[in-house]
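Source file: input-v9.txt; contents: compact mmCIF, C-alpha atoms (C1' of nucleotides).
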```txt
# COMPACT_ATOMS: atom_id res chain seq x y z
CA MET A 27 -40.54 29.22 0.36
CA GLU A 28 -42.44 26.30 1.72
CA SER A 29 -41.01 24.02 -0.96
CA LYS A 30 -37.56 25.05 0.13
CA ASP A 31 -38.23 24.01 3.70
CA ASP A 32 -39.72 20.77 2.50
CA GLN A 33 -36.72 20.11 0.38
CA PHE A 34 -34.43 20.78 3.29
CA SER A 35 -36.34 18.57 5.67
CA GLU A 36 -36.37 15.76 3.14
CA LYS A 37 -32.64 15.45 3.40
CA PRO A 38 -31.31 12.89 5.83
CA LEU A 39 -30.44 14.43 9.17
CA PHE A 40 -26.76 13.71 8.67
CA THR A 41 -26.76 15.50 5.34
CA SER A 42 -28.44 18.64 6.67
CA LEU A 43 -26.18 18.85 9.68
CA LEU A 44 -23.06 18.15 7.64
CA LEU A 45 -23.88 20.95 5.20
CA LYS A 46 -24.47 23.29 8.12
CA TRP A 47 -21.13 22.26 9.61
CA PHE A 48 -19.47 22.90 6.26
CA GLU A 49 -20.74 26.47 6.11
CA GLN A 50 -18.64 27.22 9.17
CA ASN A 51 -15.70 24.90 8.65
CA ALA A 52 -14.91 24.59 4.95
CA ARG A 53 -11.22 24.44 4.15
CA LYS A 54 -10.03 26.94 1.59
CA LEU A 55 -8.25 25.01 -1.13
CA PRO A 56 -7.13 26.36 -4.49
CA TRP A 57 -8.81 23.74 -6.66
CA LYS A 58 -12.15 24.67 -5.09
CA GLU A 59 -11.97 28.16 -6.60
CA GLY A 60 -13.05 27.31 -10.13
CA LYS A 61 -14.57 24.29 -11.76
CA ASP A 62 -11.90 23.64 -14.34
CA PRO A 63 -11.98 19.86 -14.85
CA TYR A 64 -8.26 19.85 -15.61
CA GLN A 65 -7.34 21.53 -12.34
CA ILE A 66 -9.72 19.34 -10.39
CA TRP A 67 -8.27 16.26 -12.05
CA VAL A 68 -4.72 17.36 -11.21
CA SER A 69 -5.62 17.99 -7.59
CA GLU A 70 -7.38 14.65 -7.22
CA ILE A 71 -4.50 12.68 -8.65
CA ILE A 72 -2.00 14.49 -6.42
CA LEU A 73 -4.15 13.85 -3.38
CA GLN A 74 -4.42 10.10 -3.91
CA GLN A 75 -2.95 8.59 -0.74
CA THR A 76 -1.41 11.98 -0.03
CA ARG A 77 -2.25 14.53 2.65
CA VAL A 78 -3.48 17.93 1.58
CA ASP A 79 -0.60 19.65 3.39
CA GLN A 80 1.89 17.51 1.52
CA GLY A 81 0.23 17.83 -1.88
CA LEU A 82 -0.52 21.56 -1.86
CA PRO A 83 2.92 22.87 -2.91
CA TYR A 84 3.07 20.20 -5.63
CA TYR A 85 -0.29 21.33 -6.93
CA HIS A 86 0.88 24.92 -7.35
CA ARG A 87 4.08 23.85 -9.03
CA PHE A 88 2.28 21.43 -11.32
CA ILE A 89 -0.28 23.98 -12.49
CA SER A 90 2.38 26.63 -13.08
CA GLN A 91 4.52 24.20 -15.09
CA PHE A 92 1.61 22.65 -16.97
CA PRO A 93 -1.20 25.24 -17.00
CA THR A 94 -3.35 23.28 -19.46
CA ILE A 95 -3.85 19.68 -20.46
CA PHE A 96 -2.09 20.49 -23.75
CA ASP A 97 1.05 21.53 -21.87
CA LEU A 98 0.94 18.30 -19.92
CA ALA A 99 0.38 16.22 -23.04
CA LYS A 100 3.51 17.54 -24.75
CA ALA A 101 5.77 17.70 -21.70
CA HIS A 102 8.98 15.66 -21.51
CA GLU A 103 9.02 12.83 -19.01
CA ASP A 104 12.07 14.28 -17.27
CA HIS A 105 10.13 17.47 -16.70
CA LEU A 106 7.20 15.51 -15.28
CA MET A 107 9.40 13.61 -12.88
CA GLU A 108 11.19 16.76 -11.83
CA VAL A 109 7.88 18.31 -10.80
CA TRP A 110 6.66 15.11 -9.13
CA ARG A 111 9.92 14.27 -7.40
CA GLY A 112 9.45 13.53 -3.71
CA LEU A 113 5.70 12.97 -3.90
CA GLY A 114 5.78 9.18 -4.31
CA TYR A 115 3.64 6.82 -6.36
CA TYR A 116 5.32 7.98 -9.54
CA SER A 117 3.08 5.95 -11.81
CA ARG A 118 0.43 8.55 -11.04
CA VAL A 119 2.18 11.17 -13.12
CA ARG A 120 3.02 8.80 -15.94
CA ASN A 121 -0.62 7.74 -16.11
CA MET A 122 -1.60 11.41 -16.08
CA GLN A 123 0.35 12.06 -19.23
CA ILE A 124 -1.09 9.01 -20.95
CA THR A 125 -4.55 10.28 -20.10
CA ALA A 126 -3.71 13.87 -21.06
CA ARG A 127 -2.55 12.75 -24.50
CA LEU A 128 -5.66 10.63 -24.97
CA ILE A 129 -7.93 13.51 -23.95
CA VAL A 130 -6.13 15.84 -26.34
CA GLU A 131 -6.27 13.32 -29.18
CA ASN A 132 -9.78 11.98 -28.78
CA TYR A 133 -11.70 14.61 -26.84
CA ASN A 134 -10.23 17.87 -28.09
CA GLY A 135 -8.66 18.47 -24.70
CA LYS A 136 -11.91 18.34 -22.73
CA PHE A 137 -12.75 15.66 -20.19
CA PRO A 138 -16.03 13.90 -20.96
CA ALA A 139 -18.70 14.44 -18.32
CA ASP A 140 -19.51 10.76 -18.37
CA ARG A 141 -18.59 8.24 -15.71
CA ASN A 142 -18.30 5.35 -18.13
CA GLU A 143 -15.77 7.31 -20.15
CA LEU A 144 -13.81 8.71 -17.22
CA ILE A 145 -13.42 5.38 -15.48
CA LYS A 146 -11.65 3.97 -18.54
CA LEU A 147 -8.86 6.54 -18.30
CA LYS A 148 -5.51 5.60 -16.81
CA GLY A 149 -5.27 6.66 -13.20
CA ILE A 150 -8.96 7.46 -12.79
CA GLY A 151 -10.77 4.96 -10.59
CA PRO A 152 -14.11 5.10 -8.77
CA TYR A 153 -13.03 7.79 -6.31
CA THR A 154 -11.44 10.17 -8.81
CA ALA A 155 -14.29 9.72 -11.29
CA ALA A 156 -16.86 10.60 -8.62
CA ALA A 157 -14.79 13.58 -7.50
CA MET A 158 -14.46 14.97 -11.03
CA LEU A 159 -18.09 14.35 -11.89
CA SER A 160 -19.40 16.03 -8.76
CA PHE A 161 -16.89 18.89 -8.44
CA ALA A 162 -16.59 19.82 -12.09
CA PHE A 163 -19.91 18.72 -13.55
CA ASN A 164 -22.23 18.69 -10.54
CA GLN A 165 -23.30 15.13 -11.21
CA PRO A 166 -24.69 13.10 -8.29
CA PHE A 167 -21.85 10.67 -7.59
CA ALA A 168 -20.74 10.12 -4.00
CA VAL A 169 -17.01 10.03 -3.34
CA VAL A 170 -15.75 7.15 -1.22
CA ASP A 171 -12.23 7.55 0.06
CA GLY A 172 -10.50 6.89 3.37
CA ASN A 173 -12.25 9.87 4.98
CA VAL A 174 -15.70 8.82 3.84
CA VAL A 175 -15.19 5.22 4.91
CA ARG A 176 -14.18 6.42 8.36
CA VAL A 177 -17.05 8.90 8.78
CA LEU A 178 -19.74 6.55 7.53
CA SER A 179 -18.37 3.55 9.41
CA ARG A 180 -18.60 5.53 12.61
CA ILE A 181 -21.96 7.23 12.26
CA SER A 182 -23.57 4.01 11.02
CA GLY A 183 -21.60 1.60 13.18
CA VAL A 184 -20.29 -0.46 10.27
CA LYS A 185 -18.21 -3.26 11.71
CA LYS A 186 -17.27 -4.99 8.48
CA PRO A 187 -14.03 -3.82 6.87
CA TYR A 188 -14.47 -1.78 3.72
CA SER A 189 -12.17 -4.20 1.96
CA SER A 190 -14.74 -6.98 2.32
CA PRO A 191 -17.60 -7.24 -0.16
CA GLU A 192 -20.18 -6.82 2.65
CA GLY A 193 -18.44 -3.80 4.12
CA ARG A 194 -18.02 -2.15 0.75
CA LYS A 195 -21.69 -2.67 -0.04
CA LEU A 196 -22.75 -1.14 3.29
CA ILE A 197 -20.54 1.92 2.92
CA GLU A 198 -21.47 2.54 -0.69
CA GLN A 199 -25.13 2.23 0.23
CA LYS A 200 -24.76 4.81 3.00
CA ALA A 201 -22.73 7.10 0.75
CA GLU A 202 -25.45 6.98 -1.86
CA GLN A 203 -28.17 7.49 0.75
CA TYR A 204 -26.61 10.57 2.34
CA LEU A 205 -25.41 12.25 -0.85
CA ASP A 206 -27.12 15.56 -1.47
CA LYS A 207 -28.11 14.96 -5.06
CA THR A 208 -29.01 18.57 -5.67
CA ASN A 209 -25.56 19.75 -4.61
CA PRO A 210 -23.26 16.75 -4.88
CA GLY A 211 -20.10 18.81 -5.23
CA ILE A 212 -20.72 20.75 -2.03
CA TYR A 213 -21.73 17.63 -0.16
CA ASN A 214 -18.65 15.70 -1.26
CA GLN A 215 -16.36 18.56 -0.29
CA ALA A 216 -18.12 18.72 3.05
CA ILE A 217 -17.72 15.07 3.97
CA LEU A 218 -14.07 15.08 2.88
CA ASP A 219 -13.32 18.17 4.98
CA PHE A 220 -15.24 16.77 7.92
CA GLY A 221 -13.35 13.47 7.78
CA ALA A 222 -10.01 15.18 7.41
CA THR A 223 -10.42 17.81 10.13
CA TRP A 224 -13.03 16.52 12.61
CA CYS A 225 -13.72 12.81 12.35
CA THR A 226 -10.02 12.02 12.27
CA PRO A 227 -8.41 8.60 12.70
CA GLN A 228 -6.79 9.55 16.02
CA LYS A 229 -8.36 11.89 18.55
CA PRO A 230 -11.55 12.76 16.68
CA LYS A 231 -13.38 15.84 17.98
CA CYS A 232 -16.39 13.91 19.18
CA SER A 233 -17.14 16.21 22.11
CA THR A 234 -17.84 19.09 19.73
CA CYS A 235 -19.22 17.02 16.85
CA PHE A 236 -22.50 18.11 15.29
CA PHE A 237 -23.56 14.49 15.04
CA LYS A 238 -22.57 13.07 18.39
CA GLU A 239 -26.14 12.38 19.57
CA ASN A 240 -26.81 10.39 16.43
CA CYS A 241 -23.48 8.73 15.80
CA ASP A 242 -23.60 4.98 16.41
CA ALA A 243 -19.92 4.74 17.29
CA CYS A 244 -20.03 7.72 19.64
CA LYS A 245 -23.12 6.49 21.47
CA ASN A 246 -21.58 3.04 21.88
CA GLU A 247 -18.12 4.37 22.68
CA ILE A 248 -16.47 2.45 19.89
CA VAL A 249 -15.23 5.41 17.87
CA HIS A 250 -11.63 4.36 18.33
CA LEU A 251 -12.46 0.87 17.01
CA LEU A 252 -13.90 2.10 13.70
CA PRO A 253 -13.43 1.79 10.86
CA VAL A 254 -12.44 -1.86 11.07
CA ARG A 255 -9.39 -2.37 8.96
CA LYS A 256 -8.79 -5.49 6.98
CA GLN A 257 -7.09 -7.90 9.27
CA LYS A 258 -3.46 -8.10 8.43
CA LEU A 259 -2.48 -11.68 7.93
CA ALA A 260 -0.84 -12.86 11.08
CA LYS A 261 2.89 -12.88 10.68
CA LYS A 262 3.79 -16.42 9.81
CA THR A 263 6.81 -17.70 11.65
CA ARG A 264 9.19 -19.92 9.69
CA TYR A 265 12.16 -22.01 10.69
CA PHE A 266 15.03 -22.67 8.33
CA ILE A 267 18.23 -24.59 8.77
CA PHE A 268 20.91 -23.54 6.31
CA PHE A 269 23.99 -25.61 5.55
CA LEU A 270 27.43 -24.33 4.83
CA ILE A 271 28.96 -26.95 2.55
CA TYR A 272 32.35 -26.75 0.85
CA ASP A 273 33.70 -29.22 -1.65
CA GLU A 274 37.32 -30.42 -1.69
CA SER A 275 38.47 -27.39 -3.66
CA GLY A 276 36.86 -24.97 -1.26
CA GLN A 277 33.86 -24.07 -3.37
CA LEU A 278 30.60 -23.28 -1.64
CA ALA A 279 27.24 -24.95 -2.29
CA LEU A 280 24.45 -22.56 -3.37
CA GLN A 281 20.97 -23.08 -4.69
CA LYS A 282 18.43 -20.83 -6.29
CA ARG A 283 15.07 -20.25 -4.66
CA SER A 284 11.87 -21.05 -6.52
CA ASP A 285 9.50 -18.49 -7.96
CA LYS A 286 6.71 -19.33 -5.55
CA ASP A 287 7.96 -18.37 -2.12
CA ILE A 288 9.60 -15.37 -0.52
CA TRP A 289 12.99 -14.30 -1.86
CA ARG A 290 12.00 -15.58 -5.26
CA SER A 291 14.88 -16.16 -7.64
CA LEU A 292 17.44 -15.18 -5.04
CA TYR A 293 20.24 -17.56 -4.06
CA GLU A 294 20.63 -19.26 -0.72
CA LEU A 295 22.54 -22.00 1.02
CA PRO A 296 21.19 -25.56 0.86
CA GLN A 297 18.37 -25.55 3.32
CA ILE A 298 15.61 -27.44 5.06
CA GLU A 299 12.50 -25.92 6.58
CA LEU A 300 11.05 -27.07 9.89
CA THR A 301 7.81 -26.42 11.69
CA ASP A 302 9.68 -25.24 14.79
CA PHE A 303 13.08 -25.46 16.52
CA GLU A 304 12.00 -27.88 19.21
CA GLU A 305 15.07 -29.91 20.12
CA ASN A 306 13.99 -33.38 19.06
CA ASN A 307 12.47 -31.98 15.92
CA VAL A 308 15.78 -30.37 14.97
CA LYS A 309 17.72 -33.55 15.70
CA GLU A 310 15.42 -35.67 13.61
CA ALA A 311 15.45 -33.19 10.75
CA LEU A 312 19.22 -33.00 10.71
CA ALA A 313 19.64 -36.77 10.88
CA GLY A 314 17.10 -37.25 8.12
CA TYR A 315 18.73 -34.66 5.90
CA LEU A 316 22.17 -36.20 6.31
CA LYS A 317 20.92 -39.73 5.78
CA ASN A 318 18.87 -38.92 2.71
CA ASN A 319 21.39 -36.71 0.98
CA PHE A 320 24.75 -38.18 1.92
CA ASN A 321 24.04 -41.88 2.27
CA HIS A 322 27.46 -43.02 1.12
CA PHE A 323 29.48 -40.78 3.36
CA ILE A 324 27.80 -38.81 6.09
CA PRO A 325 29.45 -35.45 6.76
CA THR A 326 29.83 -34.23 10.30
CA CYS A 327 27.55 -31.41 11.32
CA HIS A 328 28.47 -28.38 13.48
CA PHE A 329 26.17 -25.65 14.67
CA LEU A 330 27.52 -22.20 13.80
CA GLN A 331 24.94 -19.56 14.68
CA GLN A 332 21.32 -18.52 14.78
CA SER A 333 19.65 -15.36 13.53
CA PHE A 334 16.29 -13.71 12.84
CA GLN A 335 14.75 -11.54 10.22
CA LEU A 336 11.45 -9.69 10.25
CA LEU A 337 9.68 -9.40 6.90
CA THR A 338 6.41 -7.69 6.14
CA HIS A 339 4.44 -10.90 6.44
CA GLN A 340 6.83 -13.40 7.95
CA LYS A 341 9.18 -13.92 10.84
CA ILE A 342 12.23 -15.84 9.79
CA ASN A 343 14.20 -17.97 12.23
CA ALA A 344 17.40 -19.32 10.81
CA ARG A 345 20.09 -21.67 12.07
CA PHE A 346 23.35 -22.23 10.27
CA TYR A 347 25.29 -25.49 10.36
CA GLN A 348 28.54 -26.40 8.71
CA LEU A 349 28.90 -29.79 7.08
CA ASN A 350 32.45 -31.17 6.98
CA GLY A 351 33.74 -34.10 4.98
CA PHE A 352 31.64 -33.61 1.91
CA GLN A 353 32.77 -35.61 -1.10
CA THR A 354 31.97 -34.37 -4.57
CA ILE A 355 31.68 -37.79 -6.08
CA GLN A 356 28.40 -38.27 -4.34
CA SER A 357 26.96 -34.96 -5.39
CA ALA A 358 25.79 -35.83 -8.88
CA GLU A 359 22.10 -35.53 -8.11
CA TYR A 360 22.16 -32.64 -5.68
CA GLN A 361 20.15 -29.62 -6.60
CA PHE A 362 22.83 -27.22 -5.53
CA ASN A 363 25.92 -26.00 -7.35
CA PHE A 364 29.37 -25.28 -6.06
CA VAL A 365 30.59 -21.77 -6.51
CA ASN A 366 34.00 -20.22 -6.07
CA ILE A 367 33.69 -17.97 -3.06
CA LYS A 368 35.50 -15.25 -4.99
CA ASN A 369 32.34 -15.02 -7.09
CA LEU A 370 29.86 -14.77 -4.22
CA CYS A 371 29.44 -11.07 -4.85
CA LYS A 372 27.71 -11.87 -8.12
CA PHE A 373 24.82 -13.60 -6.40
CA ALA A 374 21.80 -11.92 -4.86
CA PHE A 375 21.11 -13.34 -1.41
CA PRO A 376 18.28 -12.77 1.05
CA LYS A 377 19.34 -10.33 3.72
CA ILE A 378 19.64 -13.01 6.35
CA ILE A 379 21.97 -15.12 4.18
CA GLU A 380 24.09 -12.17 3.20
CA LYS A 381 24.44 -11.18 6.82
CA PHE A 382 25.57 -14.67 7.72
CA LEU A 383 28.09 -14.87 4.89
CA LYS A 384 29.52 -11.55 5.95
CA SER A 385 29.70 -12.65 9.57
CA ILE A 386 31.90 -15.60 8.63
CA ASN A 387 33.94 -13.28 6.49
CA ILE A 388 33.63 -14.95 3.12
CA ILE A 389 31.97 -12.07 1.29
CA HIS A 390 32.72 -8.40 1.68
CA CYS A 391 30.49 -6.66 -0.83
C1' DA B 7 -8.31 -11.08 -3.71
C1' DA B 8 -3.53 -10.08 -2.99
C1' DC B 9 0.25 -7.42 -3.96
C1' DC B 10 2.67 -3.34 -5.47
C1' DC B 11 3.60 1.45 -5.45
C1' DG B 12 6.26 5.88 -1.51
C1' DG B 13 7.19 9.80 1.05
C1' DG B 14 5.78 12.11 5.21
C1' DG B 15 3.25 13.47 9.44
C1' DA B 16 1.28 12.05 13.86
C1' DT B 17 1.47 9.28 17.88
C1' DA C 18 7.92 1.48 15.16
C1' DT C 19 3.20 1.80 13.39
C1' DC C 20 -0.63 3.80 11.24
C1' DC C 21 -2.58 6.30 7.66
C1' DC C 22 -3.09 9.56 3.92
C1' DA C 23 -8.89 13.12 -1.42
C1' DG C 24 -6.37 5.21 -4.62
C1' DG C 25 -5.39 2.73 -8.71
C1' DG C 26 -3.05 -0.81 -11.58
C1' DT C 27 -1.51 -5.46 -12.14
C1' DT C 28 -1.60 -10.35 -11.64
```

What do you get writing this file as C-alpha cells?
Amino acid sequence: MESKDDQFSEKPLFTSLLLKWFEQNARKLPWKEGKDPYQIWVSEIILQQTRVDQGLPYYHRFISQFPTIFDLAKAHEDHLMEVWRGLGYYSRVRNMQITARLIVENYNGKFPADRNELIKLKGIGPYTAAAMLSFAFNQPFAVVDGNVVRVLSRISGVKKPYSSPEGRKLIEQKAEQYLDKTNPGIYNQAILDFGATWCTPQKPKCSTCFFKENCDACKNEIVHLLPVRKQKLAKKTRYFIFFLIYDESGQLALQKRSDKDIWRSLYELPQIELTDFEENNVKEALAGYLKNNFNHFIPTCHFLQQSFQLLTHQKINARFYQLNGFQTIQSAEYQFNFVNIKNLCKFAFPKIIEKFLKSINIIHC
DNA sequence: AACCCGGGGAT
DNA sequence: ATCCCAGGGTT
C-alpha cells in the first residue's frame, strides 16, 4: 500500500501525468489487443512514416492474407505487392518477407526477445525494435519516433534538431529518463497516442494539456517553433547558358553530364555555368567561351530564350543561345558530339532542356 | 551525413 | 504548395 504510493511518486511528474492522461484517452487499435509479436511487428512496419488512419485497413488486410509469419514467409511476391499496393515505401514489405523467412529458418518462427538480435533484421531499426520489445515482451526500451521527438522537444524545450548528434542525445536521454520501466509497453503506447492526438504538429491542444504548467515550450510560448527541424539546405541558385550548335549537315551538338552533379548521366546542350546573369558577366562569359572554343572561326551568337526550373535543392536559371557559322573542321577536340536530330528522342534530357528542344520544335516525343 | 524511398491528409 | 506521418537502408 505504502510501497505502491512510493513507487508512484518516484516516477517523474511527466510520466505519472501521462499515464493518467492515457487512462482516459487511449486509442483503441487492433494490434493493442494481444501481444503477438508477429502482429505487433506487422503493425509497426506498416506504421513507419504512415498515419494510423491510412495504415489501419492495410493492417487488417495483411493479417487476413498472412495470418502467421509462416504464411508470410511462403507468400509470392506478387501477392505481397498486391496487399501493399498504394501504401508506399515498398521495400518495407520486401524486407518483411526476408525477415519472415529468416525467423522461420533460424528461430522456428518466433521473434527473439533480444534487442541485439532484432536490430539485425531487415526493416527493424531502433524504433521498431523498441516497440516490439516493449509491446510484446515488456522490456524497458523507450520508443523514439516523430511523436516522441515532438513531445519531448516541447516539454523539455529542446532547441537542437533531432537529426544533430546533440539533439539526438538530448531526446534519447529524456526518453530514457521518462520511460516507466515497470510498464514500458503502456508508457510507450501512451506517449505515442499523446503525440498523435494532443501534442500535434499543428494546433496542439495546449489549453487542455495535462502538462501545460510544466511544459517548457508552453510556458515560453514557443510550442509552434518546436521541434526544430533540420535546416533544409538553402536552395542553391544556378545559372547556365546553353548553346544550340548545328554542324554543316544539320546535326546538333550534345554532351553527356558527369556523374557528380545534378542530372547525372543525362544529355544536355554544350553549356557554361555562371555565378549570375549580371549583364557584363554574361558578355564576358560568352566572349570567353567563343574565343576559347572557336579560335579559328568565331560563330555568331544569338539569344533565343530564357527559362527556369525548380528542383528539390536547386533553382535553375537557363539561357539559350544559338551559334551560327560553326565549322566542323575545328571541332576535333570538342567534348560534344553531333547527333542527327531525328535521333534526339533516344537521349534522356533534363526537363529544362527537353522543354527548350520542344519549344523550338526539333523533338516531339 | 546525405540521399532515397511514397502515398495521403491537413493547412 | 508545403509539411509531416508509430523509419530504415544505402552510399

Residues of chain A within 12 Å of chain B: nearest atom pair and distance (Å, one decimal) for each, counting all atoms listed in the file, sorted by chain and number, as a Markdown table?
```
| residue | atom | partner | partner_atom | distance |
| --- | --- | --- | --- | --- |
| A:Gln74 | CA | B:DG12 | C1' | 11.7 |
| A:Gln75 | CA | B:DG12 | C1' | 9.6 |
| A:Thr76 | CA | B:DG14 | C1' | 8.9 |
| A:Arg77 | CA | B:DG14 | C1' | 8.8 |
| A:Val78 | CA | B:DG15 | C1' | 11.3 |
| A:Asp79 | CA | B:DG15 | C1' | 9.5 |
| A:Gln80 | CA | B:DG14 | C1' | 7.6 |
| A:Gly81 | CA | B:DG14 | C1' | 10.7 |
| A:Trp110 | CA | B:DG13 | C1' | 11.5 |
| A:Arg111 | CA | B:DG13 | C1' | 9.9 |
| A:Gly112 | CA | B:DG13 | C1' | 6.5 |
| A:Leu113 | CA | B:DG13 | C1' | 6.1 |
| A:Gly114 | CA | B:DG12 | C1' | 4.4 |
| A:Tyr115 | CA | B:DC11 | C1' | 5.4 |
| A:Tyr116 | CA | B:DC11 | C1' | 7.9 |
| A:Ser117 | CA | B:DC11 | C1' | 7.8 |
| A:Arg118 | CA | B:DC11 | C1' | 9.6 |
| A:Ser189 | CA | B:DA7 | C1' | 9.7 |
| A:Ser190 | CA | B:DA7 | C1' | 9.7 |
| A:Pro191 | CA | B:DA7 | C1' | 10.7 |
| A:Thr226 | CA | B:DA16 | C1' | 11.4 |
| A:Pro227 | CA | B:DA16 | C1' | 10.4 |
| A:Gln228 | CA | B:DT17 | C1' | 8.5 |
| A:Lys229 | CA | B:DT17 | C1' | 10.2 |
| A:Lys258 | CA | B:DA8 | C1' | 11.6 |
| A:Leu259 | CA | B:DA8 | C1' | 11.1 |
| A:Thr338 | CA | B:DC9 | C1' | 11.8 |
| A:His339 | CA | B:DC9 | C1' | 11.7 |
```

Kindly save the residues from that selection, with C-alpha atoms included, as an mmCIF file, in the coordinates of the input.
```
data_model
loop_
_atom_site.group_PDB
_atom_site.id
_atom_site.type_symbol
_atom_site.label_atom_id
_atom_site.label_comp_id
_atom_site.auth_asym_id
_atom_site.auth_seq_id
_atom_site.Cartn_x
_atom_site.Cartn_y
_atom_site.Cartn_z
ATOM 1 C CA GLN A 74 -4.420 10.100 -3.910
ATOM 2 C CA GLN A 75 -2.950 8.590 -0.740
ATOM 3 C CA THR A 76 -1.410 11.980 -0.030
ATOM 4 C CA ARG A 77 -2.250 14.530 2.650
ATOM 5 C CA VAL A 78 -3.480 17.930 1.580
ATOM 6 C CA ASP A 79 -0.600 19.650 3.390
ATOM 7 C CA GLN A 80 1.890 17.510 1.520
ATOM 8 C CA GLY A 81 0.230 17.830 -1.880
ATOM 9 C CA TRP A 110 6.660 15.110 -9.130
ATOM 10 C CA ARG A 111 9.920 14.270 -7.400
ATOM 11 C CA GLY A 112 9.450 13.530 -3.710
ATOM 12 C CA LEU A 113 5.700 12.970 -3.900
ATOM 13 C CA GLY A 114 5.780 9.180 -4.310
ATOM 14 C CA TYR A 115 3.640 6.820 -6.360
ATOM 15 C CA TYR A 116 5.320 7.980 -9.540
ATOM 16 C CA SER A 117 3.080 5.950 -11.810
ATOM 17 C CA ARG A 118 0.430 8.550 -11.040
ATOM 18 C CA SER A 189 -12.170 -4.200 1.960
ATOM 19 C CA SER A 190 -14.740 -6.980 2.320
ATOM 20 C CA PRO A 191 -17.600 -7.240 -0.160
ATOM 21 C CA THR A 226 -10.020 12.020 12.270
ATOM 22 C CA PRO A 227 -8.410 8.600 12.700
ATOM 23 C CA GLN A 228 -6.790 9.550 16.020
ATOM 24 C CA LYS A 229 -8.360 11.890 18.550
ATOM 25 C CA LYS A 258 -3.460 -8.100 8.430
ATOM 26 C CA LEU A 259 -2.480 -11.680 7.930
ATOM 27 C CA THR A 338 6.410 -7.690 6.140
ATOM 28 C CA HIS A 339 4.440 -10.900 6.440
#
```

- Task: Find the residues of chain C in contact range of chain A, meaning any atom within 10 Å when counting only C-alpha atoms (C1' of nucleotides), and list them as a ChimeraX atom specification.
- Result: /C:20-26

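The smallest atom-to-atom distance between Lys54 of chain A and any of A:Leu178, A:Asp302, A:Pro296, A:Leu82, using only C-alpha atoms, is found for A:Leu82.
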
- Identify, on the basis of only C-alpha atoms (C1' of nucleotides), every residue whose closest approach to Glu380 of chain A does not exceed 10 Å; exclude the query and any residue fewer than 2 positions from it along the same chain; express the result as a ChimeraX atom specification. /A:293-294,370-371,373-378,382-385,388-391

Keeping only C-alpha atoms, write the selected residues as a JSON list (two decimals), in the frame of the given file.
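So the final result, stored in out.json, reads:
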```json
[["chain", "number", "residue", "atom", "x", "y", "z"],
["A", 293, "TYR", "CA", 20.24, -17.56, -4.06],
["A", 294, "GLU", "CA", 20.63, -19.26, -0.72],
["A", 370, "LEU", "CA", 29.86, -14.77, -4.22],
["A", 371, "CYS", "CA", 29.44, -11.07, -4.85],
["A", 373, "PHE", "CA", 24.82, -13.60, -6.40],
["A", 374, "ALA", "CA", 21.80, -11.92, -4.86],
["A", 375, "PHE", "CA", 21.11, -13.34, -1.41],
["A", 376, "PRO", "CA", 18.28, -12.77, 1.05],
["A", 377, "LYS", "CA", 19.34, -10.33, 3.72],
["A", 378, "ILE", "CA", 19.64, -13.01, 6.35],
["A", 382, "PHE", "CA", 25.57, -14.67, 7.72],
["A", 383, "LEU", "CA", 28.09, -14.87, 4.89],
["A", 384, "LYS", "CA", 29.52, -11.55, 5.95],
["A", 385, "SER", "CA", 29.70, -12.65, 9.57],
["A", 388, "ILE", "CA", 33.63, -14.95, 3.12],
["A", 389, "ILE", "CA", 31.97, -12.07, 1.29],
["A", 390, "HIS", "CA", 32.72, -8.40, 1.68],
["A", 391, "CYS", "CA", 30.49, -6.66, -0.83]]
```

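Atom CA of Lys368 of chain A is positioned 27.6 Å from atom CA of Ile342 of chain A.
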
With the input short on atoms, add N, CA and C atoms back to segment 52-62 of chain A and write it as a JSON list (two decimals), keeping the file's coordinate frame.
```
[["chain", "number", "residue", "atom", "x", "y", "z"],
["A", 52, "ALA", "N", -15.51, 24.99, 6.22],
["A", 52, "ALA", "CA", -14.91, 24.59, 4.95],
["A", 52, "ALA", "C", -13.44, 24.99, 4.88],
["A", 53, "ARG", "N", -12.63, 24.09, 4.38],
["A", 53, "ARG", "CA", -11.22, 24.44, 4.15],
["A", 53, "ARG", "C", -11.12, 25.23, 2.85],
["A", 54, "LYS", "N", -10.25, 26.19, 2.84],
["A", 54, "LYS", "CA", -10.03, 26.94, 1.59],
["A", 54, "LYS", "C", -8.91, 26.25, 0.82],
["A", 55, "LEU", "N", -9.24, 25.69, -0.32],
["A", 55, "LEU", "CA", -8.25, 25.01, -1.13],
["A", 55, "LEU", "C", -8.33, 25.53, -2.56],
["A", 56, "PRO", "N", -7.18, 25.66, -3.20],
["A", 56, "PRO", "CA", -7.13, 26.36, -4.49],
["A", 56, "PRO", "C", -7.98, 25.72, -5.57],
["A", 57, "TRP", "N", -8.06, 24.38, -5.57],
["A", 57, "TRP", "CA", -8.81, 23.74, -6.66],
["A", 57, "TRP", "C", -10.31, 23.87, -6.45],
["A", 58, "LYS", "N", -10.72, 24.44, -5.29],
["A", 58, "LYS", "CA", -12.15, 24.67, -5.09],
["A", 58, "LYS", "C", -12.60, 25.98, -5.74],
["A", 59, "GLU", "N", -11.62, 26.82, -6.11],
["A", 59, "GLU", "CA", -11.97, 28.16, -6.60],
["A", 59, "GLU", "C", -12.82, 28.07, -7.87],
["A", 60, "GLY", "N", -12.30, 27.41, -8.88],
["A", 60, "GLY", "CA", -13.05, 27.31, -10.13],
["A", 60, "GLY", "C", -13.59, 25.91, -10.31],
["A", 61, "LYS", "N", -14.08, 25.63, -11.47],
["A", 61, "LYS", "CA", -14.57, 24.29, -11.76],
["A", 61, "LYS", "C", -13.88, 23.74, -13.00],
["A", 62, "ASP", "N", -12.65, 24.13, -13.20],
["A", 62, "ASP", "CA", -11.90, 23.64, -14.34],
["A", 62, "ASP", "C", -11.61, 22.15, -14.15]]
```
